[in-house]
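Structure file upload-v9.cif; described as mmCIF, C-alpha atoms and all ligand atoms.
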data_run
#
loop_
_atom_site.label_atom_id
_atom_site.label_comp_id
_atom_site.auth_asym_id
_atom_site.auth_seq_id
_atom_site.Cartn_x
_atom_site.Cartn_y
_atom_site.Cartn_z
CA MET A 1376 0.00 0.00 0.00
CA PRO A 1377 1.45 3.40 -0.90
CA ARG A 1378 2.76 5.58 1.91
CA ASN A 1379 2.07 9.34 2.01
CA ASP A 1380 1.77 11.62 -0.99
CA ILE A 1381 4.78 13.69 -1.99
CA ALA A 1382 4.77 16.36 -4.73
CA VAL A 1383 8.02 17.07 -6.57
CA VAL A 1384 8.37 20.31 -8.55
CA GLY A 1385 10.77 19.90 -11.51
CA ALA A 1386 11.57 16.73 -13.46
CA GLY A 1387 15.18 17.62 -14.26
CA LEU A 1388 18.08 15.42 -13.23
CA VAL A 1389 17.54 15.71 -9.49
CA GLY A 1390 13.72 15.77 -9.54
CA ALA A 1391 13.55 12.61 -11.65
CA LEU A 1392 16.01 10.83 -9.37
CA VAL A 1393 14.30 11.77 -6.11
CA ALA A 1394 10.93 10.78 -7.60
CA THR A 1395 12.34 7.37 -8.52
CA LEU A 1396 13.90 6.77 -5.11
CA LEU A 1397 10.86 7.89 -3.11
CA THR A 1398 8.48 5.86 -5.27
CA GLN A 1399 10.72 2.84 -4.85
CA GLY A 1400 10.51 3.53 -1.10
CA GLY A 1401 6.73 3.22 -1.20
CA PHE A 1402 5.62 6.87 -1.42
CA ARG A 1403 3.01 8.04 -3.90
CA VAL A 1404 4.93 10.67 -5.87
CA THR A 1405 3.53 13.22 -8.33
CA VAL A 1406 5.95 15.36 -10.31
CA TYR A 1407 5.10 18.70 -11.97
CA GLU A 1408 7.44 19.83 -14.76
CA LYS A 1409 7.26 23.15 -16.57
CA ARG A 1410 8.61 21.93 -19.91
CA PRO A 1411 7.00 19.49 -22.35
CA ASP A 1412 8.07 15.83 -22.15
CA PRO A 1413 11.60 15.79 -23.67
CA ARG A 1414 11.03 12.23 -24.86
CA ARG A 1415 8.37 13.56 -27.24
CA ALA A 1416 9.19 17.23 -27.74
CA GLY A 1417 13.00 16.84 -27.88
CA PHE A 1418 15.33 17.92 -25.11
CA GLN A 1419 15.42 21.68 -24.42
CA GLY A 1420 18.76 21.75 -22.64
CA GLY A 1421 19.57 25.42 -22.41
CA ARG A 1422 22.94 24.65 -20.85
CA SER A 1423 25.78 22.14 -20.77
CA ILE A 1424 25.08 19.47 -23.36
CA ASN A 1425 27.16 17.02 -21.37
CA LEU A 1426 28.28 16.70 -17.76
CA ALA A 1427 30.97 15.02 -15.71
CA LEU A 1428 29.49 12.26 -13.57
CA ALA A 1429 31.69 11.35 -10.61
CA GLU A 1430 31.61 8.74 -7.87
CA ARG A 1431 29.31 10.81 -5.64
CA GLY A 1432 26.63 10.88 -8.32
CA LEU A 1433 27.22 7.29 -9.35
CA HIS A 1434 26.79 6.14 -5.78
CA ALA A 1435 23.33 7.72 -5.70
CA LEU A 1436 22.44 6.20 -9.08
CA ARG A 1437 23.42 2.74 -7.80
CA ALA A 1438 20.63 3.05 -5.23
CA THR A 1439 18.10 3.07 -8.08
CA GLY A 1440 19.76 0.29 -10.07
CA LEU A 1441 20.38 2.80 -12.90
CA ALA A 1442 24.16 3.11 -12.70
CA ASP A 1443 25.01 0.42 -15.29
CA GLN A 1444 22.55 1.84 -17.83
CA VAL A 1445 23.99 5.32 -17.36
CA LEU A 1446 27.58 4.11 -17.70
CA ALA A 1447 26.66 2.22 -20.88
CA GLN A 1448 25.84 5.64 -22.41
CA ALA A 1449 28.88 7.45 -20.97
CA VAL A 1450 32.45 8.09 -22.09
CA MET A 1451 35.15 7.37 -19.53
CA MET A 1452 37.52 10.26 -18.73
CA ARG A 1453 40.75 8.96 -17.22
CA GLY A 1454 42.19 12.37 -16.45
CA ARG A 1455 42.74 15.94 -17.60
CA MET A 1456 44.44 16.52 -20.93
CA VAL A 1457 46.00 19.97 -20.57
CA HIS A 1458 46.77 21.92 -23.76
CA ASP A 1459 49.39 24.66 -23.50
CA PRO A 1460 49.54 27.75 -25.77
CA ALA A 1461 52.26 26.18 -27.93
CA GLY A 1462 50.01 23.28 -28.82
CA HIS A 1463 51.62 20.71 -26.51
CA SER A 1464 49.37 18.52 -24.40
CA GLY A 1465 49.77 16.05 -21.57
CA LEU A 1466 47.47 13.75 -19.63
CA GLN A 1467 47.20 13.94 -15.86
CA ARG A 1468 45.42 10.79 -14.71
CA TYR A 1469 42.86 11.03 -11.90
CA GLY A 1470 44.07 7.79 -10.32
CA VAL A 1471 46.48 4.94 -10.75
CA ASP A 1472 44.11 2.91 -12.93
CA ASP A 1473 40.60 2.87 -14.44
CA THR A 1474 38.95 2.38 -11.07
CA GLU A 1475 39.45 6.12 -10.45
CA VAL A 1476 37.84 7.92 -13.37
CA ILE A 1477 34.95 10.27 -14.12
CA TRP A 1478 32.41 9.93 -16.91
CA SER A 1479 31.06 12.27 -19.58
CA VAL A 1480 27.29 11.85 -19.91
CA SER A 1481 24.74 13.53 -22.15
CA ARG A 1482 22.35 15.71 -20.15
CA GLY A 1483 19.44 14.90 -22.50
CA GLY A 1484 20.19 11.16 -22.54
CA LEU A 1485 20.50 11.03 -18.77
CA ASN A 1486 17.29 12.98 -18.22
CA THR A 1487 15.38 10.67 -20.58
CA LEU A 1488 16.69 7.57 -18.85
CA MET A 1489 15.76 8.94 -15.46
CA LEU A 1490 12.25 10.00 -16.49
CA ASP A 1491 11.69 6.47 -17.80
CA ALA A 1492 12.96 5.08 -14.49
CA ALA A 1493 10.70 7.35 -12.41
CA GLU A 1494 7.64 6.29 -14.40
CA ALA A 1495 8.65 2.63 -14.33
CA ALA A 1496 8.89 2.87 -10.53
CA GLY A 1497 5.33 4.23 -10.44
CA ALA A 1498 5.75 8.02 -10.16
CA THR A 1499 3.27 10.19 -12.07
CA ILE A 1500 4.85 13.01 -14.08
CA HIS A 1501 2.77 15.91 -15.41
CA PHE A 1502 4.59 17.88 -18.11
CA ASP A 1503 3.78 21.41 -19.28
CA GLN A 1504 2.78 22.17 -15.68
CA GLY A 1505 4.90 25.04 -14.39
CA LEU A 1506 4.58 26.05 -10.77
CA ALA A 1507 2.87 29.45 -10.71
CA ALA A 1508 2.10 29.76 -6.99
CA ALA A 1509 2.25 27.74 -3.78
CA ASP A 1510 0.07 28.17 -0.69
CA LEU A 1511 2.15 26.50 1.97
CA ASP A 1512 -0.42 27.01 4.74
CA ALA A 1513 -3.19 25.40 2.71
CA GLY A 1514 -0.84 22.79 1.19
CA THR A 1515 -1.69 23.56 -2.45
CA LEU A 1516 0.22 24.24 -5.67
CA THR A 1517 -1.09 26.29 -8.58
CA LEU A 1518 0.19 25.05 -11.92
CA ARG A 1519 0.08 26.79 -15.27
CA ASP A 1520 0.40 25.21 -18.72
CA ASP A 1521 1.89 26.82 -21.79
CA ALA A 1522 -1.50 28.13 -22.92
CA GLY A 1523 -1.96 29.93 -19.59
CA ASN A 1524 -4.55 27.54 -18.10
CA GLU A 1525 -4.21 27.21 -14.34
CA ARG A 1526 -5.25 24.52 -11.89
CA THR A 1527 -4.68 24.02 -8.18
CA VAL A 1528 -3.71 20.68 -6.66
CA GLU A 1529 -3.29 19.45 -3.09
CA ALA A 1530 0.32 19.01 -2.01
CA PRO A 1531 0.83 18.66 1.73
CA VAL A 1532 4.53 17.72 1.33
CA ILE A 1533 6.47 19.42 -1.48
CA ILE A 1534 10.03 18.91 -2.70
CA GLY A 1535 11.39 21.68 -4.89
CA ALA A 1536 13.82 20.38 -7.54
CA ASP A 1537 13.06 23.18 -9.99
CA GLY A 1538 16.63 24.38 -10.45
CA ALA A 1539 18.56 27.59 -9.85
CA GLY A 1540 15.64 29.87 -10.70
CA SER A 1541 13.25 27.86 -8.48
CA ALA A 1542 9.68 29.14 -8.37
CA LEU A 1543 9.06 27.10 -5.23
CA ARG A 1544 11.97 28.86 -3.54
CA ALA A 1545 10.40 32.22 -4.37
CA ALA A 1546 7.07 31.08 -2.93
CA MET A 1547 8.74 29.72 0.21
CA HIS A 1548 10.70 32.94 0.63
CA ARG A 1549 7.47 34.96 0.46
CA HIS A 1550 6.05 32.74 3.23
CA SER A 1551 9.13 32.84 5.50
CA PRO A 1552 12.41 34.47 4.39
CA LEU A 1553 15.07 31.89 3.52
CA GLY A 1554 18.10 34.19 3.84
CA GLU A 1555 18.86 34.08 0.12
CA ARG A 1556 22.10 35.46 -1.31
CA VAL A 1557 23.24 35.13 -4.93
CA GLU A 1558 26.86 35.86 -5.81
CA GLU A 1559 27.44 36.41 -9.51
CA LEU A 1560 30.81 35.10 -10.71
CA GLY A 1561 31.22 37.89 -13.26
CA HIS A 1562 32.29 35.27 -15.81
CA GLY A 1563 30.01 33.51 -18.29
CA TYR A 1564 30.29 30.58 -20.66
CA LYS A 1565 29.59 29.72 -24.28
CA GLU A 1566 29.31 26.25 -25.78
CA LEU A 1567 30.94 25.29 -29.07
CA GLU A 1568 31.53 21.98 -30.78
CA ILE A 1569 34.33 19.84 -32.17
CA PRO A 1570 32.38 17.58 -34.56
CA PRO A 1571 33.17 13.88 -35.10
CA GLY A 1572 35.79 13.06 -37.73
CA LYS A 1573 34.62 11.81 -41.13
CA ASP A 1574 36.24 8.37 -40.77
CA PRO A 1575 33.90 6.25 -38.56
CA ALA A 1576 36.92 4.19 -37.46
CA THR A 1577 38.50 7.27 -35.82
CA PRO A 1578 35.66 9.66 -34.94
CA PHE A 1579 37.44 11.42 -32.04
CA ALA A 1580 39.60 14.34 -33.21
CA ILE A 1581 41.46 14.51 -29.86
CA GLU A 1582 42.00 11.98 -27.07
CA ARG A 1583 38.63 10.37 -26.42
CA ASN A 1584 39.04 9.34 -22.78
CA ALA A 1585 39.97 12.68 -21.23
CA LEU A 1586 38.57 15.96 -20.03
CA HIS A 1587 40.46 18.54 -22.10
CA ILE A 1588 41.52 21.89 -20.62
CA TRP A 1589 43.12 24.89 -22.35
CA PRO A 1590 44.04 27.15 -19.37
CA ARG A 1591 44.93 30.72 -20.31
CA GLY A 1592 45.17 32.85 -17.19
CA HIS A 1593 41.91 34.73 -16.69
CA TYR A 1594 39.90 32.43 -18.90
CA MET A 1595 39.94 28.90 -20.31
CA CYS A 1596 38.29 26.36 -22.60
CA ILE A 1597 37.34 22.84 -21.63
CA ALA A 1598 36.01 19.98 -23.79
CA LEU A 1599 34.13 16.83 -22.81
CA PRO A 1600 33.70 13.88 -25.21
CA ASN A 1601 30.35 12.69 -26.53
CA ARG A 1602 29.75 9.08 -27.48
CA GLU A 1603 29.39 9.62 -31.23
CA GLY A 1604 32.81 11.26 -31.46
CA SER A 1605 32.11 14.96 -30.98
CA PHE A 1606 33.33 17.12 -28.10
CA THR A 1607 31.33 19.85 -26.38
CA VAL A 1608 33.73 22.76 -25.90
CA THR A 1609 32.96 25.40 -23.27
CA LEU A 1610 34.71 28.76 -23.18
CA PHE A 1611 34.70 30.45 -19.74
CA LEU A 1612 35.46 34.16 -19.94
CA PRO A 1613 34.82 37.40 -17.97
CA ASN A 1614 31.50 39.01 -18.92
CA ASP A 1615 32.94 42.52 -19.22
CA GLY A 1616 35.22 45.03 -17.54
CA GLU A 1617 38.46 43.64 -18.97
CA HIS A 1618 39.84 42.36 -22.26
CA PRO A 1619 39.18 39.75 -23.44
CA SER A 1620 35.58 39.49 -22.28
CA PHE A 1621 32.28 38.43 -23.83
CA ARG A 1622 31.51 42.11 -24.25
CA SER A 1623 34.81 42.98 -25.94
CA ILE A 1624 34.74 40.09 -28.42
CA ALA A 1625 31.02 40.09 -29.08
CA GLY A 1626 31.00 39.23 -32.80
CA ALA A 1627 31.90 35.90 -34.40
CA GLY A 1628 34.74 37.50 -36.38
CA ALA A 1629 36.38 38.98 -33.27
CA ALA A 1630 35.84 35.69 -31.45
CA GLU A 1631 37.54 33.75 -34.23
CA ALA A 1632 40.53 36.10 -34.13
CA PHE A 1633 40.70 35.63 -30.35
CA PHE A 1634 40.64 31.86 -30.72
CA ARG A 1635 43.29 32.00 -33.49
CA THR A 1636 45.65 33.64 -30.98
CA GLU A 1637 44.69 31.83 -27.79
CA PHE A 1638 43.30 28.44 -28.80
CA PRO A 1639 44.58 27.81 -32.36
CA ASP A 1640 44.68 24.01 -32.01
CA ALA A 1641 41.07 23.91 -30.78
CA LEU A 1642 39.87 26.39 -33.44
CA ALA A 1643 41.35 24.18 -36.18
CA LEU A 1644 38.97 21.40 -35.08
CA MET A 1645 35.81 23.59 -35.12
CA PRO A 1646 34.71 24.15 -38.75
CA GLU A 1647 31.36 25.59 -37.63
CA PHE A 1648 32.94 27.96 -35.12
CA ALA A 1649 31.38 31.19 -36.42
CA ALA A 1650 27.88 29.68 -36.73
CA ASP A 1651 28.09 28.13 -33.25
CA TRP A 1652 29.38 31.36 -31.75
CA SER A 1653 26.50 33.35 -33.21
CA ALA A 1654 23.82 30.79 -32.38
CA HIS A 1655 24.76 29.92 -28.78
CA PRO A 1656 23.96 32.32 -25.94
CA VAL A 1657 26.35 33.33 -23.19
CA GLY A 1658 25.35 31.49 -20.01
CA THR A 1659 25.60 33.18 -16.62
CA LEU A 1660 27.31 31.67 -13.58
CA ALA A 1661 26.52 32.33 -9.92
CA THR A 1662 26.53 30.71 -6.49
CA LEU A 1663 23.28 30.54 -4.51
CA TYR A 1664 23.45 30.55 -0.72
CA LEU A 1665 20.41 30.05 1.53
CA ASP A 1666 20.23 30.06 5.33
CA ARG A 1667 17.25 27.68 5.27
CA TRP A 1668 16.21 24.99 2.83
CA HIS A 1669 12.82 24.04 4.29
CA ILE A 1670 9.64 25.35 5.84
CA GLY A 1671 8.61 22.95 8.56
CA GLY A 1672 7.52 19.67 7.05
CA ARG A 1673 5.69 21.39 4.19
CA ALA A 1674 8.39 22.24 1.65
CA LEU A 1675 12.05 21.45 1.05
CA LEU A 1676 14.49 22.58 -1.65
CA ILE A 1677 17.08 20.20 -3.12
CA GLY A 1678 19.62 20.24 -5.98
CA ASP A 1679 20.28 23.58 -7.69
CA ALA A 1680 17.09 25.04 -6.18
CA ALA A 1681 18.86 24.90 -2.80
CA HIS A 1682 22.53 25.31 -3.70
CA ALA A 1683 23.37 26.23 -7.31
CA ILE A 1684 27.15 26.41 -7.69
CA VAL A 1685 29.63 27.33 -10.41
CA PRO A 1686 30.57 24.30 -12.54
CA PHE A 1687 34.35 24.15 -12.03
CA HIS A 1688 34.39 21.07 -9.90
CA GLY A 1689 31.85 19.31 -12.08
CA GLN A 1690 29.85 18.58 -8.94
CA GLY A 1691 26.47 20.39 -9.18
CA MET A 1692 24.52 17.42 -10.49
CA ASN A 1693 26.61 14.98 -8.45
CA CYS A 1694 25.79 16.94 -5.30
CA GLY A 1695 22.08 17.04 -6.26
CA PHE A 1696 22.11 13.27 -6.77
CA GLU A 1697 23.57 12.86 -3.28
CA ASP A 1698 20.76 15.07 -1.97
CA ALA A 1699 18.19 12.77 -3.56
CA ALA A 1700 19.75 9.60 -2.15
CA GLU A 1701 20.15 11.05 1.34
CA LEU A 1702 16.59 12.39 1.40
CA ALA A 1703 15.19 9.01 0.35
CA GLU A 1704 17.21 7.31 3.13
CA LEU A 1705 15.89 9.73 5.74
CA PHE A 1706 12.30 9.24 4.55
CA ALA A 1707 12.75 5.46 4.63
CA ALA A 1708 13.75 5.68 8.30
CA ASN A 1709 11.02 8.15 9.25
CA PRO A 1710 8.21 8.06 6.64
CA ASP A 1711 5.54 9.92 8.61
CA ASP A 1712 7.50 12.89 9.90
CA SER A 1713 8.52 15.19 7.06
CA THR A 1714 9.36 17.97 9.56
CA ALA A 1715 12.05 15.83 11.20
CA VAL A 1716 13.26 14.51 7.84
CA PHE A 1717 13.60 17.98 6.32
CA ALA A 1718 15.40 19.37 9.38
CA GLU A 1719 17.85 16.44 9.45
CA PHE A 1720 18.39 16.67 5.69
CA GLU A 1721 19.35 20.33 5.96
CA ALA A 1722 21.63 19.68 8.94
CA ARG A 1723 23.46 16.90 7.09
CA ARG A 1724 23.63 18.31 3.58
CA LYS A 1725 24.14 22.04 4.05
CA PRO A 1726 27.75 21.83 5.29
CA ASN A 1727 28.58 19.63 2.28
CA ALA A 1728 26.89 22.01 -0.14
CA ASP A 1729 28.65 25.03 1.37
CA ALA A 1730 32.02 23.27 1.12
CA ILE A 1731 31.60 22.23 -2.52
CA ALA A 1732 30.40 25.74 -3.44
CA GLN A 1733 33.64 27.17 -2.07
CA MET A 1734 35.81 24.49 -3.69
CA ALA A 1735 34.14 25.08 -7.05
CA LEU A 1736 34.98 28.79 -6.91
CA GLU A 1737 38.59 28.07 -5.94
CA ASN A 1738 38.97 25.50 -8.67
CA TYR A 1739 38.17 28.03 -11.39
CA ILE A 1740 41.19 30.07 -10.37
CA GLU A 1741 43.31 26.92 -10.18
CA MET A 1742 42.26 25.73 -13.60
CA ARG A 1743 42.44 28.93 -15.58
CA ASP A 1744 45.46 30.58 -13.91
CA LYS A 1745 47.92 27.73 -14.01
CA VAL A 1746 49.08 28.76 -17.46
CA ALA A 1747 51.00 31.64 -15.91
CA ASP A 1748 52.84 29.20 -13.70
CA PRO A 1749 56.16 28.01 -15.16
CA ARG A 1750 55.38 24.64 -13.62
CA PHE A 1751 52.29 24.57 -15.87
CA LEU A 1752 52.91 21.10 -17.15
CA ARG A 1753 53.03 19.76 -13.61
CA MET A 1754 49.34 19.19 -14.08
CA ARG A 1755 48.85 17.62 -10.70
CA GLU A 1756 48.29 21.17 -9.47
CA LEU A 1757 45.40 21.88 -11.77
CA GLY A 1758 42.47 21.07 -9.52
CA THR A 1759 40.14 18.14 -9.72
CA LEU A 1760 37.47 18.76 -12.35
P1 LIG B 1 17.85 21.51 -13.28
O1 LIG B 1 18.72 20.58 -14.06
O2 LIG B 1 17.93 22.96 -13.56
O3 LIG B 1 16.35 21.00 -13.46
C1 LIG B 1 15.26 21.78 -12.98
C2 LIG B 1 13.99 21.29 -13.64
O4 LIG B 1 12.89 22.02 -13.10
C3 LIG B 1 13.96 21.50 -15.15
O5 LIG B 1 13.46 20.36 -15.80
C4 LIG B 1 13.03 22.71 -15.31
O6 LIG B 1 12.34 22.71 -16.56
C5 LIG B 1 12.08 22.49 -14.15
N1 LIG B 1 11.43 23.73 -13.72
C6 LIG B 1 11.96 24.98 -13.65
N2 LIG B 1 11.04 25.85 -13.20
C7 LIG B 1 9.91 25.16 -12.98
C8 LIG B 1 8.61 25.49 -12.52
N3 LIG B 1 8.28 26.77 -12.22
N4 LIG B 1 7.67 24.52 -12.40
C9 LIG B 1 7.99 23.23 -12.72
N5 LIG B 1 9.20 22.85 -13.17
C10 LIG B 1 10.15 23.80 -13.30
N6 LIG B 1 27.19 19.31 -12.69
C11 LIG B 1 27.94 18.18 -12.59
O7 LIG B 1 27.74 17.39 -11.66
N7 LIG B 1 28.92 17.90 -13.50
C12 LIG B 1 29.22 18.75 -14.53
O8 LIG B 1 30.12 18.47 -15.32
C13 LIG B 1 28.46 19.95 -14.65
N8 LIG B 1 28.73 20.81 -15.64
C14 LIG B 1 27.98 21.95 -15.75
C15 LIG B 1 28.30 22.86 -16.76
C16 LIG B 1 27.59 24.03 -16.87
C17 LIG B 1 27.95 25.00 -17.96
C18 LIG B 1 26.54 24.32 -15.95
C19 LIG B 1 25.77 25.60 -16.05
C20 LIG B 1 26.23 23.43 -14.94
C21 LIG B 1 26.95 22.24 -14.82
N9 LIG B 1 26.69 21.32 -13.80
C22 LIG B 1 27.43 20.19 -13.69
C23 LIG B 1 25.63 21.58 -12.80
C24 LIG B 1 24.35 20.85 -13.18
O9 LIG B 1 23.93 21.25 -14.46
C25 LIG B 1 23.26 21.15 -12.16
O10 LIG B 1 23.77 21.02 -10.86
C26 LIG B 1 22.08 20.20 -12.34
O11 LIG B 1 21.49 20.36 -13.61
C27 LIG B 1 21.04 20.45 -11.25
O12 LIG B 1 19.95 19.62 -11.46
P2 LIG B 1 18.51 20.06 -10.91
O13 LIG B 1 17.60 18.93 -11.29
O14 LIG B 1 18.62 20.48 -9.50
O15 LIG B 1 18.13 21.35 -11.73
#
Spit out the file's structure as C-alpha cells when you get a sec.
Ligand code: FAD
Amino acid sequence: MPRNDIAVVGAGLVGALVATLLTQGGFRVTVYEKRPDPRRAGFQGGRSINLALAERGLHALRATGLADQVLAQAVMMRGRMVHDPAGHSGLQRYGVDDTEVIWSVSRGGLNTLMLDAAEAAGATIHFDQGLAAADLDAGTLTLRDDAGNERTVEAPVIIGADGAGSALRAAMHRHSPLGERVEELGHGYKELEIPPGKDPATPFAIERNALHIWPRGHYMCIALPNREGSFTVTLFLPNDGEHPSFRSIAGAGAAEAFFRTEFPDALALMPEFAADWSAHPVGTLATLYLDRWHIGGRALLIGDAAHAIVPFHGQGMNCGFEDAAELAELFAANPDDSTAVFAEFEARRKPNADAIAQMALENYIEMRDKVADPRFLRMRELGTL
C-alpha cells in the first residue's frame, strides 16, 4: 500500500532521481514539470550538453539500479588533458588505474533515462505544468500550462527540484524568508563543438578518454567527449570590464581572431565555429546561498534550487544526486515525519553544499590561472574537475 503523498516540482536530473527513489521507497509521488516531455518534444537543454558524472553521483544512481545503464551511455575520462599555448598537451590521470575515473554523460540522454525510471517505478509526471504559486499554509500548488490555463492541486509535502531559478523557492521565501544570497561570478560561458571526424573508425579528433583543458590565465576552454565522437567545448570568460571578455569580443569574427591567438589548435577542429558562436547564448554563472532549505515539514528545496554552484568542480549534479539519495534514506527511516526529515536533511547536507560551493569557486582560479605558472605542465596542481 502506498505511503504518504509527496509532490516534486521539476523533473530535471535531481527531480527525476528523487521521484524514482521515493516511489521505490513506497511513497506516492507526483511530479510537476514546466517543460513538455523531452522524450516527445525533444530535449530543451539550455545549458551544458554534457556533464561530468563522478563517484558521488554514481553512488546515488546505484541506489536506483540505474548506474550500469547510465555508464553504458557514458564516455570514460581517465584524467585531464591539458593543452598549452604552444600546442603541446599532456594527460594527468585522476588515479592509478581505471577504477578512479569520471564519466562524460549527455544531459538529455540522462534525463530521458531517469524519467523512464521514475515512471517505471510508479511516479506520475505531469509535463507542461509550471509552478505558478504555492500556498504553503493550505498545502496547495497552482500550476500553469503553456497556454496559460491554471489549476490548483493538493500538495501537503512538497520537494522543490526546480533548479537555480526555483519558483518554489520564491514562494517559500514569500512565506518565510530563507536568507537568500546570490553571488554572480562575473564570468560567463559559451558552448561550441568539435564535430566527429569523417572516418567512422577514428571519430574522435582529440583523445577520447579525457577531459580537455586549455588554461589561459583569466579564462579557459574545456572539452568533454560525446559518445558519437564529438566534443562539447565550453569557453569560460569574464562578462565585461576587462579584455578579453564576452563584451569585448562580441561578434563571431572577433571571437575567431581571439581563438586563433589563444586556442589555435582547438579552433582548427571547429569548422562551424562562427555559426556556433553566433547561435549559442552566453550562459551566466553564480553561487546561490540560503540560510534555510525548508519550511517545517511542508516544503524542502534540493539540488540547484537549494545550492546552485559554479561548474568548475563538475559537482552540481553529483551533489544534487547525493541530496536525492540522502533524502530518500531519511524518509525510509522516518516516513511519517517530514518535519524531522527535512530538518535532518538540511543539517546533514548544508555543510557539504557550502564546502563544494567554495571548492568550485577556488577550482576556477586553479584551472584557468595555471598557465602563468612556469610549472604549468606539472598538471597535478590543476584542480580536480
Ligand atoms: P535543473 O537541471 O535545472 O532542473 C530543474 C527542472 O525544473 C527543469 O526540468 C526545469 O524545466 C524544471 N522547472 C523549472 N522551473 C519550474 C517550474 N516553475 N515549475 C515546474 N518545473 C520547473 N554538474 C555536474 O555534476 N557535473 C558537470 O560536469 C556539470 N557541468 C555543468 C556545466 C555548466 C555550464 C553548468 C551551467 C552546470 C553544470 N553542472 C554540472 C551543474 C548541473 O547542471 C546542475 O547542478 C544540475 O542540472 C542540477 O539539477 P537540478 O535537477 O537540480 O536542476
Could you tell me how far atom CA of A:Thr1398 sits from atom CA of A:Pro1726, in Å to one decimal place?
27.2 Å
Nearby polymer residues, ligand LIG 1 (chain B), at most 6 Å, only C-alpha atoms and all ligand atoms, as a PDB file with C-alpha atoms, in the frame of the given file:
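The resulting file, result_15.pdb, is reproduced below:
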ATOM      1  CA  VAL A1384       8.370  20.310  -8.550  1.00  0.00           C
ATOM      2  CA  GLY A1385      10.770  19.900 -11.510  1.00  0.00           C
ATOM      3  CA  ALA A1386      11.570  16.730 -13.460  1.00  0.00           C
ATOM      4  CA  GLY A1387      15.180  17.620 -14.260  1.00  0.00           C
ATOM      5  CA  LEU A1388      18.080  15.420 -13.230  1.00  0.00           C
ATOM      6  CA  VAL A1389      17.540  15.710  -9.490  1.00  0.00           C
ATOM      7  CA  GLY A1390      13.720  15.770  -9.540  1.00  0.00           C
ATOM      8  CA  TYR A1407       5.100  18.700 -11.970  1.00  0.00           C
ATOM      9  CA  GLU A1408       7.440  19.830 -14.760  1.00  0.00           C
ATOM     10  CA  LYS A1409       7.260  23.150 -16.570  1.00  0.00           C
ATOM     11  CA  ARG A1410       8.610  21.930 -19.910  1.00  0.00           C
ATOM     12  CA  ARG A1422      22.940  24.650 -20.850  1.00  0.00           C
ATOM     13  CA  SER A1423      25.780  22.140 -20.770  1.00  0.00           C
ATOM     14  CA  LEU A1426      28.280  16.700 -17.760  1.00  0.00           C
ATOM     15  CA  ALA A1427      30.970  15.020 -15.710  1.00  0.00           C
ATOM     16  CA  LEU A1428      29.490  12.260 -13.570  1.00  0.00           C
ATOM     17  CA  GLY A1505       4.900  25.040 -14.390  1.00  0.00           C
ATOM     18  CA  LEU A1506       4.580  26.050 -10.770  1.00  0.00           C
ATOM     19  CA  ALA A1536      13.820  20.380  -7.540  1.00  0.00           C
ATOM     20  CA  ASP A1537      13.060  23.180  -9.990  1.00  0.00           C
ATOM     21  CA  GLY A1538      16.630  24.380 -10.450  1.00  0.00           C
ATOM     22  CA  ALA A1539      18.560  27.590  -9.850  1.00  0.00           C
ATOM     23  CA  SER A1541      13.250  27.860  -8.480  1.00  0.00           C
ATOM     24  CA  ALA A1542       9.680  29.140  -8.370  1.00  0.00           C
ATOM     25  CA  GLY A1678      19.620  20.240  -5.980  1.00  0.00           C
ATOM     26  CA  ASP A1679      20.280  23.580  -7.690  1.00  0.00           C
ATOM     27  CA  ALA A1680      17.090  25.040  -6.180  1.00  0.00           C
ATOM     28  CA  PRO A1686      30.570  24.300 -12.540  1.00  0.00           C
ATOM     29  CA  GLY A1689      31.850  19.310 -12.080  1.00  0.00           C
ATOM     30  CA  GLN A1690      29.850  18.580  -8.940  1.00  0.00           C
ATOM     31  CA  GLY A1691      26.470  20.390  -9.180  1.00  0.00           C
ATOM     32  CA  MET A1692      24.520  17.420 -10.490  1.00  0.00           C
ATOM     33  CA  ASN A1693      26.610  14.980  -8.450  1.00  0.00           C
ATOM     34  CA  GLY A1695      22.080  17.040  -6.260  1.00  0.00           C
TER      35      GLY A1695
END
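Restricting the calculation to all atoms listed in the file, the smallest distance between A:Ala1649 and any of A:Leu1397, A:Leu1433, A:Ala1598, A:Leu1567 is found for A:Leu1567.
Of the listed residues A:Arg1743, A:Glu1525, A:Glu1430, A:His1682, the one whose atoms come nearest to A:Pro1613 is A:Arg1743, with distances taken using only C-alpha atoms.
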Skipping near chain neighbours, those fewer than 5 positions away, what residues fall within 10 Å of A:Glu1647 using all atoms listed in the file, listed as number ranges by chain?
A: 1567-1570, 1642, 1652
Just the selected residues (C-alpha atoms), exported as a PDB file, in the coordinates of the input, please.
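Saved as part_8.pdb:
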ATOM      1  CA  LEU A1567      30.940  25.290 -29.070  1.00  0.00           C
ATOM      2  CA  GLU A1568      31.530  21.980 -30.780  1.00  0.00           C
ATOM      3  CA  ILE A1569      34.330  19.840 -32.170  1.00  0.00           C
ATOM      4  CA  PRO A1570      32.380  17.580 -34.560  1.00  0.00           C
ATOM      5  CA  LEU A1642      39.870  26.390 -33.440  1.00  0.00           C
ATOM      6  CA  TRP A1652      29.380  31.360 -31.750  1.00  0.00           C
TER       7      TRP A1652
END
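Remark: for A:Tyr1739, the closest of the candidate residues A:Arg1723, A:His1669, A:Arg1602, A:His1562 is A:His1562 (distances computed over only C-alpha atoms).
One finds atom CA of A:Pro1411 at 27.9 Å from atom CA of A:Val1450.
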What are the closest atom pairs, with distances in Å to one decimal, for each residue of stretch 1656-1691 of chain A lying within 10 Å of stretch 1549-1552 of chain A, using all atoms listed in the file, rows by chain and rising residue number, as a tab-separated table?
residue	atom	partner	partner_atom	distance
A:Leu1665	CA	A:Pro1552	CA	9.6
A:Asp1666	CA	A:Pro1552	CA	9.0
A:Arg1667	CA	A:Pro1552	CA	8.4
A:His1669	CA	A:Ser1551	CA	9.6
A:Ile1670	CA	A:Ser1551	CA	7.5
Give me the residues near A:Phe1720 as number ranges by chain, where near means some atom within 8 Å (using only C-alpha atoms) and where sequence neighbours in that chain fewer than 3 positions away do not count.
A: 1701-1702, 1705, 1716-1717, 1723-1724
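With distances taken over all atoms listed in the file, A:Asn1614 is the one residue among A:Ser1481, A:Asn1425, A:Thr1487, A:Asn1614 lying closest to A:Gly1561.
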Would you compute the distance between atom CA of A:Gly1462 and atom CA of A:Met1734? Give it in Å to one decimal.
28.9 Å
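Residue nearest A:Met1645 within the list A:Asp1473, A:Glu1566, A:Glu1719, A:Asp1712: A:Glu1566 [criterion: smallest interatomic distance, all atoms listed in the file].
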